[in-house]
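So this block is query.cif, mmCIF, C-alpha atoms:
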```cif
data_input
loop_
_atom_site.label_atom_id
_atom_site.label_comp_id
_atom_site.auth_asym_id
_atom_site.auth_seq_id
_atom_site.Cartn_x
_atom_site.Cartn_y
_atom_site.Cartn_z
CA MET A 287 91.06 93.11 111.83
CA ARG A 288 93.85 90.57 111.98
CA GLU A 289 95.70 91.28 115.18
CA ASP A 290 98.56 88.99 114.23
CA LEU A 291 99.66 91.51 111.59
CA LEU A 292 101.19 93.87 114.13
CA ASP A 293 103.75 92.23 116.40
CA PRO A 294 104.45 94.33 119.53
CA ARG A 295 108.16 93.95 118.70
CA ALA A 296 107.48 95.73 115.41
CA VAL A 297 106.42 98.95 117.13
CA LEU A 298 109.38 101.30 117.59
CA LEU A 299 108.52 104.78 118.76
CA HIS A 300 111.81 106.52 119.42
CA GLU A 301 113.89 106.08 116.27
CA SER A 302 115.85 108.59 114.27
CA ALA A 303 116.94 108.63 110.63
CA ALA A 304 119.05 111.10 108.69
CA ASP A 305 117.04 110.68 105.51
CA ARG A 306 114.32 108.75 103.75
CA GLU A 307 116.58 105.86 102.73
CA GLU A 308 117.76 105.34 106.30
CA ALA A 309 114.17 105.43 107.54
CA ILE A 310 113.10 102.81 104.99
CA ARG A 311 116.08 100.61 105.86
CA ARG A 312 115.06 100.85 109.52
CA CYS A 313 111.53 99.71 108.69
CA GLY A 314 112.85 96.89 106.51
CA ARG A 315 115.19 95.76 109.26
CA VAL A 316 112.27 95.51 111.70
CA LEU A 317 110.35 93.32 109.25
CA VAL A 318 113.43 91.10 108.83
CA ASP A 319 113.95 90.90 112.59
CA ILE A 320 110.40 89.68 113.27
CA GLY A 321 110.77 87.06 110.51
CA ALA A 322 108.19 88.59 108.16
CA VAL A 323 110.53 89.11 105.19
CA ALA A 324 113.89 87.97 103.85
CA GLU A 325 116.79 90.39 103.61
CA PRO A 326 116.38 91.30 99.88
CA TYR A 327 112.98 92.80 100.67
CA ILE A 328 114.72 95.86 102.08
CA ASP A 329 116.24 96.76 98.72
CA ALA A 330 112.86 96.16 97.09
CA MET A 331 111.34 98.71 99.49
CA LEU A 332 113.92 101.25 98.38
CA GLU A 333 113.26 100.44 94.73
CA ARG A 334 109.52 100.92 95.21
CA GLU A 335 110.09 104.26 96.87
CA ARG A 336 112.24 105.44 93.97
CA SER A 337 109.49 104.58 91.49
CA ILE A 338 106.71 106.28 93.48
CA SER A 339 106.60 107.95 96.90
CA THR A 340 104.72 106.02 99.57
CA TYR A 341 103.80 109.21 101.44
CA VAL A 342 100.04 109.11 102.16
CA GLY A 343 99.46 112.33 104.13
CA GLU A 344 99.29 113.47 107.76
CA GLY A 345 103.01 112.88 108.27
CA VAL A 346 102.74 109.18 107.46
CA ALA A 347 104.46 107.05 104.81
CA ILE A 348 103.83 103.38 104.10
CA PRO A 349 107.04 101.89 102.66
CA HIS A 350 106.68 98.44 101.13
CA GLY A 351 108.36 96.24 98.53
CA THR A 352 107.69 95.86 94.82
CA ALA A 353 105.33 93.25 93.42
CA ALA A 354 108.39 91.27 92.30
CA ALA A 355 109.60 91.06 95.91
CA LYS A 356 106.55 89.14 97.16
CA GLU A 357 108.65 85.97 97.10
CA ASP A 358 110.71 87.50 99.91
CA VAL A 359 107.61 87.85 102.10
CA ARG A 360 107.28 85.00 104.59
CA ARG A 361 104.08 86.25 106.21
CA ASP A 362 101.87 89.34 106.07
CA ALA A 363 102.94 91.87 108.68
CA ILE A 364 103.29 95.56 109.33
CA CYS A 365 105.63 97.57 111.49
CA VAL A 366 105.12 101.01 112.99
CA VAL A 367 108.29 103.06 113.29
CA ARG A 368 108.09 106.56 114.67
CA PHE A 369 110.73 109.22 114.02
CA PRO A 370 109.98 112.02 116.50
CA GLY A 371 112.62 114.25 114.86
CA GLY A 372 110.94 113.88 111.51
CA VAL A 373 112.31 112.68 108.17
CA ASP A 374 112.26 114.68 104.95
CA TRP A 375 110.19 112.56 102.56
CA ASP A 376 110.74 114.19 99.22
CA GLY A 377 109.62 117.53 100.66
CA GLU A 378 107.01 116.17 103.08
CA PRO A 379 107.77 115.83 106.81
CA VAL A 380 107.23 112.25 107.97
CA THR A 381 107.09 111.23 111.62
CA VAL A 382 105.50 107.78 111.32
CA CYS A 383 106.34 104.98 108.90
CA VAL A 384 104.03 102.02 108.59
CA GLY A 385 106.18 99.42 106.85
CA ILE A 386 104.24 96.72 105.05
CA ALA A 387 105.05 93.14 104.12
CA ALA A 388 102.22 91.64 102.12
CA LYS A 389 101.87 88.57 99.96
CA ASP A 390 98.17 88.85 99.29
CA ASP A 391 95.40 91.16 100.44
CA GLY A 392 95.65 90.33 104.14
CA HIS A 393 96.93 93.76 105.05
CA VAL A 394 94.31 95.76 103.13
CA PRO A 395 91.75 96.04 105.95
CA LEU A 396 94.54 97.25 108.21
CA LEU A 397 95.63 99.85 105.67
CA ALA A 398 92.03 100.98 105.33
CA ALA A 399 91.82 101.28 109.12
CA LEU A 400 95.05 103.29 109.15
CA ALA A 401 93.62 105.63 106.51
CA GLU A 402 90.43 106.08 108.59
CA ILE A 403 92.55 107.03 111.59
CA LEU A 404 94.57 109.55 109.58
CA LEU A 405 91.41 111.14 108.17
CA ASP A 406 90.44 111.98 111.76
CA PRO A 407 92.80 114.78 112.89
CA ASP A 408 92.60 113.85 116.59
CA ARG A 409 93.32 110.18 116.02
CA ALA A 410 96.07 111.06 113.54
CA ARG A 411 97.73 113.18 116.21
CA THR A 412 97.42 110.38 118.76
CA LEU A 413 99.22 108.06 116.37
CA ARG A 414 101.95 110.59 115.52
CA GLU A 415 102.55 111.42 119.17
CA ALA A 416 102.23 107.94 120.69
CA THR A 417 104.98 107.10 123.14
CA GLU A 418 103.81 103.63 124.17
CA ALA A 419 103.52 100.63 121.87
CA HIS A 420 100.14 99.64 123.29
CA GLN A 421 98.64 103.01 122.23
CA VAL A 422 99.58 102.26 118.64
CA ILE A 423 98.36 98.67 118.77
CA GLU A 424 95.05 99.75 120.32
CA GLU A 425 94.53 102.38 117.61
CA LEU A 426 95.34 100.07 114.73
CA THR A 427 93.88 96.72 115.74
CA MET B 20 74.68 112.48 87.79
CA PRO B 21 77.16 110.79 85.44
CA GLU B 22 78.63 107.67 87.00
CA ARG B 23 80.59 104.59 85.98
CA THR B 24 81.08 101.30 87.81
CA VAL B 25 84.23 99.29 87.25
CA ALA B 26 86.00 96.37 88.92
CA VAL B 27 89.51 97.16 90.16
CA ALA B 28 91.88 95.32 87.81
CA SER B 29 95.20 95.79 89.61
CA ALA B 30 96.45 92.62 91.23
CA SER B 31 97.20 94.35 94.53
CA GLY B 32 93.88 96.22 94.60
CA LEU B 33 93.39 99.94 94.99
CA HIS B 34 96.14 100.78 97.41
CA ALA B 35 99.92 101.21 97.33
CA ARG B 36 101.13 102.13 93.84
CA PRO B 37 97.82 101.72 91.93
CA ALA B 38 96.07 103.98 94.45
CA LYS B 39 98.76 106.62 94.11
CA LEU B 40 98.57 106.57 90.31
CA PHE B 41 94.76 106.82 90.47
CA VAL B 42 94.85 109.73 92.93
CA GLN B 43 97.49 111.56 90.89
CA GLU B 44 95.43 111.17 87.71
CA ALA B 45 92.26 112.37 89.47
CA ALA B 46 94.11 115.45 90.72
CA ARG B 47 95.68 116.09 87.31
CA LEU B 48 92.29 115.98 85.56
CA GLY B 49 91.08 118.76 87.85
CA VAL B 50 87.45 117.59 87.78
CA PRO B 51 85.93 116.83 91.21
CA VAL B 52 85.15 113.10 91.16
CA ARG B 53 84.01 110.90 94.02
CA ILE B 54 84.75 107.20 94.27
CA ARG B 55 82.32 104.95 96.12
CA VAL B 56 82.37 101.38 97.43
CA GLY B 57 78.98 100.38 98.79
CA GLU B 58 77.79 103.31 100.91
CA LYS B 59 81.23 104.79 101.46
CA SER B 60 82.14 107.68 99.16
CA VAL B 61 85.37 109.71 99.17
CA PRO B 62 87.04 112.30 96.91
CA ALA B 63 89.05 110.55 94.19
CA HIS B 64 91.99 112.92 94.70
CA SER B 65 92.39 111.97 98.40
CA MET B 66 95.01 109.26 98.94
CA LEU B 67 93.78 108.58 102.47
CA GLY B 68 90.19 108.55 101.29
CA VAL B 69 90.92 106.05 98.55
CA LEU B 70 92.98 103.87 100.91
CA SER B 71 90.14 103.90 103.43
CA LEU B 72 87.89 102.15 100.88
CA GLY B 73 89.95 98.97 101.27
CA ALA B 74 89.28 98.00 97.64
CA VAL B 75 91.03 94.79 96.55
CA HIS B 76 91.39 93.19 93.13
CA GLY B 77 87.90 92.73 91.69
CA THR B 78 86.13 95.14 94.05
CA GLU B 79 83.48 97.11 92.16
CA VAL B 80 83.89 100.84 92.61
CA THR B 81 81.58 103.58 91.33
CA LEU B 82 82.95 106.90 90.09
CA GLU B 83 80.59 109.89 90.19
CA SER B 84 80.80 113.51 89.14
CA ASP B 85 78.35 116.19 88.02
CA ALA B 86 81.06 118.79 87.31
CA PRO B 87 81.71 120.13 83.80
CA GLY B 88 83.87 117.64 81.93
CA ALA B 89 82.61 114.79 84.11
CA ASP B 90 82.15 112.26 81.32
CA GLU B 91 85.68 112.63 79.97
CA ALA B 92 87.20 112.52 83.48
CA LEU B 93 85.16 109.45 84.46
CA ASP B 94 86.16 107.67 81.25
CA ALA B 95 89.84 108.41 81.86
CA LEU B 96 89.68 107.13 85.44
CA VAL B 97 87.70 104.02 84.47
CA THR B 98 90.34 103.24 81.86
CA LEU B 99 93.04 103.54 84.51
CA LEU B 100 91.20 101.27 86.96
CA SER B 101 90.59 98.71 84.19
CA ARG B 102 94.32 98.20 83.73
CA ASP B 103 96.51 96.02 85.92
CA LEU B 104 98.86 98.75 87.12
CA ASP B 105 100.95 96.20 89.02
CA ALA B 106 101.66 94.23 85.84
CA GLU B 107 102.79 97.44 84.17
CA GLU B 108 105.28 97.96 86.96
CA ALA B 109 106.77 94.53 86.20
CA LEU B 110 107.13 95.55 82.56
CA ASP B 111 108.86 98.78 83.59
CA ALA B 112 111.46 96.89 85.58
#
```

Kindly return the structure encoded in the file as structure tokens.
Amino acid sequence: MREDLLDPRAVLLHESAADREEAIRRCGRVLVDIGAVAEPYIDAMLERERSISTYVGEGVAIPHGTAAAKEDVRRDAICVVRFPGGVDWDGEPVTVCVGIAAKDDGHVPLLAALAEILLDPDRARTLREATEAHQVIEELT
Amino acid sequence: MPERTVAVASASGLHARPAKLFVQEAARLGVPVRIRVGEKSVPAHSMLGVLSLGAVHGTEVTLESDAPGADEALDALVTLLSRDLDAEEALDA
């Protein structure tokens, strides 16, 4: 696992969003703030979401940009943004967004690890209910 | 048991959009199919299961099913995996 993919500054556990678009913009903003992507990547994340939902199950969505937006990715990174109040994701309740910036395949092992966690109900709950950044980083890396 | 092995053709591998399209097609076909990478086997209709395989472009995956209609379902899914679903997105745009 590449530990450099998840910057502690990219773990936000007490956010709120009125809707899916706001939640995605929040994730995109985090990726911009840590220097992983350029500003246009945020719109590409919204475009991707319109073409196909990034909901994966267990209250988790994985917003990311389109293939065309890879040029806006400066380095592979993910962010973990938790919305304790929940966000309506096209009918599914989402409490955790794992935003992804990826040029190549560097993030795939991390996504696979995330999926493994979510397939285990206890670990999925730990991730959904985490209140400290280090809990999330320890689970994922 | 009928099975097919195919290399994942999508540029971004079997996650994100290509994974979603694959899982949706597996669910739509209604035939229980499992997808395997090495020793790890998961239901083809499970998004989390498919993501957990960590399959990238070129990874060889094996599809298996002994349910009625298995051959047709496996062929349909192999066809899907043989296409670069990311390139098709670029054409859509």

Could you write out as a PyMOL selection string the residues that the PyMOL selection byres ((chain B and resi 25) around 10) matches in the shown file? chain B and resi 23-24+26-28+77-82+96-98+100-101

From (84.0, 105.5, 93.8), in the file's coordinates, out to 9 Å: which residues are reached, counting all atoms listed in the file? Answer as number ranges by chain. B: 22-24, 52-57, 59-63, 69, 72, 79-83

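Proximity to chain B was assessed for A:Glu335, A:Glu325, A:Asp293, A:Glu308 counting all atoms listed in the file; the smallest distance is recorded for A:Glu335.
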
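Residue-level contact on chain A: within 8 Å of chain B, counting all atoms listed in the file, the set is Ile338, Thr340, Val342, Gly343, Ala353, Ala354, Asp390, Asp391, Val394, Pro395, Leu397, Ala398, Ala399, Leu400, Ala401, Glu402, Leu404 and Leu405 of chain A.
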
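Closest to Ile310 (chain A) among A:Gly372, A:Pro407, A:Pro294, A:Gly385 is A:Gly385, based on all atoms listed in the file.
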
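The residues returned by the PyMOL selection byres ((chain A and resi 364-369) around 7) on the shown structure are Leu291, Leu292, Ala296, Val297, Leu298, Leu299, His300, Glu301, Ser302, Cys313, Val316, Leu317, Ala363, Pro370, Gly371, Gly372, Val373, Thr381, Val382, Cys383, Val384, Gly385, Ile386 and Ala387 of chain A.
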
Please write the residues picked by the PyMOL selection byres ((chain B and resi 86) around 10) on this file as JSON, numbers by chain. {"B": [20, 21, 50, 51, 52, 83, 84, 85, 87, 88, 89, 90, 92]}
